[in-house]
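Undergrad: My structure is below; once you've seen it, I'll send some questions.
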Amino acid sequence: MNSDTPATILVVDDDEFTAELTGMILESAGFDVVTAVGGMEALEKISENTAIRMVVSDMNMPVIDGVQLFEELREQGFNQPFVLLTGDDAAPLRLAHPDMDAVMTKDENMQEVLPELIESLLSRS
């Protein structure tokens, strides 16, 4: 794969505005972004788009929350990095799900921290 090609990141959030906002942060950091509104749409997008190299998902969503989405994707054999975003404290979620690549609190530092986190995860995969 050509390393000049920006990585495609799937951003999942049941709030379309938040999904767009997160997507804009990542696009300005040079990534290609696909957004999905909620977990069901995320599963569809992943089955349709083999270019997706990482998932950045909100935790609290109806029907399928971020943890359920992560577990479902792993069951389907999607082993790309998965980042969970939460409006709450990230530490308990991180402890509860050590197999998740990263859990991050949505805060005012997200604009700087999230792209760096994604870079480091992509460089490992």
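Within each chain, counting starts at residue 1; across the structure tokens, chains are named A, B, ... in the order shown, with ligands numbered 1 upward in that order.
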From chain A, collect each residue whose DSSP state is helix (DSSP H, G or I) and return the set as number ranges by chain.

TA: A: 16-28, 39-48, 66-75, 90-96, 110-124

Undergrad: Give me, as a ChimeraX atom specification, all polymer residues having an atom no more than 12 Å from A:Lys45, counting only C-alpha atoms and skipping those fewer than 2 positions away in the same chain.

TA: /A:8-12,33-43,47-52,55,73

Undergrad: In Å, with one decimal, what is the gap from atom CA of A:Pro6 to atom CA of A:Glu112?

TA: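 Computed distance, atom CA of A:Pro6 to atom CA of A:Glu112, equals 18.0 Å.
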
Undergrad: Hey, what's within 12 Å of A:Val113 if we count only C-alpha atoms and toss same-chain stuff fewer than 2 positions away? As a PyMOL selection string, please?

TA: chain A and resi 22+25-26+29+85+102-111+115-120

Undergrad: Write the residues you've just listed into a file as a PDB file, in the first residue's frame, and include N, CA and C atoms for each of them.

TA:
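Result file part34.pdb:
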ATOM      1  N   THR A  22     -15.854  15.759  14.787  1.00  0.00           N
ATOM      2  CA  THR A  22     -14.717  14.836  14.946  1.00  0.00           C
ATOM      3  C   THR A  22     -14.083  14.586  13.580  1.00  0.00           C
ATOM      4  N   ILE A  25     -11.853  17.479  12.566  1.00  0.00           N
ATOM      5  CA  ILE A  25     -10.565  17.453  13.280  1.00  0.00           C
ATOM      6  C   ILE A  25      -9.604  16.513  12.547  1.00  0.00           C
ATOM      7  N   LEU A  26     -10.113  15.332  12.182  1.00  0.00           N
ATOM      8  CA  LEU A  26      -9.252  14.331  11.547  1.00  0.00           C
ATOM      9  C   LEU A  26      -8.897  14.706  10.114  1.00  0.00           C
ATOM     10  N   ALA A  29      -6.192  17.050  10.036  1.00  0.00           N
ATOM     11  CA  ALA A  29      -4.917  16.398  10.349  1.00  0.00           C
ATOM     12  C   ALA A  29      -4.448  15.518   9.186  1.00  0.00           C
ATOM     13  N   LEU A  85     -14.490   7.009  22.170  1.00  0.00           N
ATOM     14  CA  LEU A  85     -14.573   8.359  22.728  1.00  0.00           C
ATOM     15  C   LEU A  85     -15.719   8.392  23.728  1.00  0.00           C
ATOM     16  N   ALA A 102      -7.695   2.145  22.355  1.00  0.00           N
ATOM     17  CA  ALA A 102      -7.612   3.382  23.128  1.00  0.00           C
ATOM     18  C   ALA A 102      -9.007   3.819  23.551  1.00  0.00           C
ATOM     19  N   VAL A 103      -9.066   4.418  24.735  1.00  0.00           N
ATOM     20  CA  VAL A 103     -10.297   5.042  25.214  1.00  0.00           C
ATOM     21  C   VAL A 103      -9.929   6.469  25.576  1.00  0.00           C
ATOM     22  N   MET A 104     -10.691   7.411  25.060  1.00  0.00           N
ATOM     23  CA  MET A 104     -10.322   8.809  25.239  1.00  0.00           C
ATOM     24  C   MET A 104     -11.533   9.637  25.644  1.00  0.00           C
ATOM     25  N   THR A 105     -11.344  10.532  26.582  1.00  0.00           N
ATOM     26  CA  THR A 105     -12.414  11.441  26.985  1.00  0.00           C
ATOM     27  C   THR A 105     -12.541  12.560  25.959  1.00  0.00           C
ATOM     28  N   LYS A 106     -13.771  12.857  25.558  1.00  0.00           N
ATOM     29  CA  LYS A 106     -14.007  13.991  24.649  1.00  0.00           C
ATOM     30  C   LYS A 106     -13.872  15.262  25.467  1.00  0.00           C
ATOM     31  N   ASP A 107     -12.827  16.022  25.222  1.00  0.00           N
ATOM     32  CA  ASP A 107     -12.663  17.277  25.952  1.00  0.00           C
ATOM     33  C   ASP A 107     -12.009  18.311  25.042  1.00  0.00           C
ATOM     34  N   GLU A 108     -11.629  19.419  25.634  1.00  0.00           N
ATOM     35  CA  GLU A 108     -11.091  20.513  24.815  1.00  0.00           C
ATOM     36  C   GLU A 108      -9.722  20.171  24.212  1.00  0.00           C
ATOM     37  N   ASN A 109      -9.074  19.118  24.723  1.00  0.00           N
ATOM     38  CA  ASN A 109      -7.773  18.725  24.157  1.00  0.00           C
ATOM     39  C   ASN A 109      -7.903  17.762  22.984  1.00  0.00           C
ATOM     40  N   MET A 110      -9.128  17.329  22.721  1.00  0.00           N
ATOM     41  CA  MET A 110      -9.326  16.292  21.706  1.00  0.00           C
ATOM     42  C   MET A 110      -8.742  16.673  20.348  1.00  0.00           C
ATOM     43  N   GLN A 111      -8.843  17.959  20.019  1.00  0.00           N
ATOM     44  CA  GLN A 111      -8.364  18.424  18.720  1.00  0.00           C
ATOM     45  C   GLN A 111      -6.872  18.137  18.528  1.00  0.00           C
ATOM     46  N   PRO A 115      -5.683  13.296  16.836  1.00  0.00           N
ATOM     47  CA  PRO A 115      -4.843  12.996  15.667  1.00  0.00           C
ATOM     48  C   PRO A 115      -3.512  12.342  16.036  1.00  0.00           C
ATOM     49  N   GLU A 116      -2.910  12.775  17.142  1.00  0.00           N
ATOM     50  CA  GLU A 116      -1.646  12.167  17.586  1.00  0.00           C
ATOM     51  C   GLU A 116      -1.840  10.710  17.967  1.00  0.00           C
ATOM     52  N   LEU A 117      -2.934  10.451  18.688  1.00  0.00           N
ATOM     53  CA  LEU A 117      -3.258   9.094  19.094  1.00  0.00           C
ATOM     54  C   LEU A 117      -3.434   8.197  17.867  1.00  0.00           C
ATOM     55  N   ILE A 118      -4.157   8.689  16.884  1.00  0.00           N
ATOM     56  CA  ILE A 118      -4.411   7.912  15.670  1.00  0.00           C
ATOM     57  C   ILE A 118      -3.116   7.644  14.920  1.00  0.00           C
ATOM     58  N   GLU A 119      -2.272   8.668  14.803  1.00  0.00           N
ATOM     59  CA  GLU A 119      -0.966   8.489  14.161  1.00  0.00           C
ATOM     60  C   GLU A 119      -0.195   7.352  14.822  1.00  0.00           C
ATOM     61  N   SER A 120      -0.148   7.365  16.164  1.00  0.00           N
ATOM     62  CA  SER A 120       0.661   6.367  16.852  1.00  0.00           C
ATOM     63  C   SER A 120       0.068   4.974  16.703  1.00  0.00           C
TER      64      SER A 120
END

Undergrad: Of the residues A:Asp65, A:Pro92, A:Glu44, A:Asp101, which is the one nearest to A:Leu122, using only C-alpha atoms?

TA: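 Checking each candidate against A:Leu122, we get A:Asp101 as the closest.
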
Undergrad: Excluding stretch 96-100 of chain A and any residue of its chain fewer than 5 positions from it, enumerate the residues within 10 Å of it, using only C-alpha atoms, and give them as a list of chain:residue names.

TA: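 My list of contacting residues is A:Val67, A:Phe70, A:Glu71, A:Pro81, A:Phe82, A:Val83, A:Leu84, A:Ala91.
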
Undergrad: Take the residues that were just selected and, keeping N, CA and C atoms, output them as a short mmCIF file (atom, residue, chain, number, x, y, z; two decimals), in the first residue's frame.

TA:
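What follows is the written file part-v7.cif:
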data_model
loop_
_atom_site.label_atom_id
_atom_site.label_comp_id
_atom_site.auth_asym_id
_atom_site.auth_seq_id
_atom_site.Cartn_x
_atom_site.Cartn_y
_atom_site.Cartn_z
N VAL A 67 -18.92 0.03 22.94
CA VAL A 67 -18.34 -1.24 23.36
C VAL A 67 -18.94 -2.40 22.56
N PHE A 70 -17.49 -2.37 19.11
CA PHE A 70 -16.14 -2.94 19.14
C PHE A 70 -16.19 -4.46 19.15
N GLU A 71 -17.02 -5.03 20.04
CA GLU A 71 -17.11 -6.48 20.17
C GLU A 71 -17.65 -7.12 18.90
N PRO A 81 -7.33 -0.91 14.38
CA PRO A 81 -7.43 -0.19 15.66
C PRO A 81 -8.81 0.41 15.89
N PHE A 82 -9.20 0.44 17.16
CA PHE A 82 -10.52 0.96 17.55
C PHE A 82 -10.31 1.93 18.70
N VAL A 83 -10.79 3.15 18.53
CA VAL A 83 -10.69 4.18 19.56
C VAL A 83 -12.09 4.53 20.05
N LEU A 84 -12.29 4.46 21.35
CA LEU A 84 -13.58 4.77 21.93
C LEU A 84 -13.52 6.17 22.53
N ALA A 91 -10.97 6.42 32.23
CA ALA A 91 -10.23 5.40 32.97
C ALA A 91 -11.03 4.11 33.26
#

Undergrad: Please indicate the distance in Å from atom CA of A:Arg74 to atom CA of A:Ala7, rounded to one decimal place.

TA: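 Spanning atom CA of A:Arg74 to atom CA of A:Ala7 is a straight-line distance of 19.7 Å.
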
Undergrad: Please compute the atom CA of A:Asp13-atom CA of A:Leu95 distance, one decimal, in Å.

TA: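 One can read the atom CA of A:Asp13 to atom CA of A:Leu95 distance as 22.1 Å.
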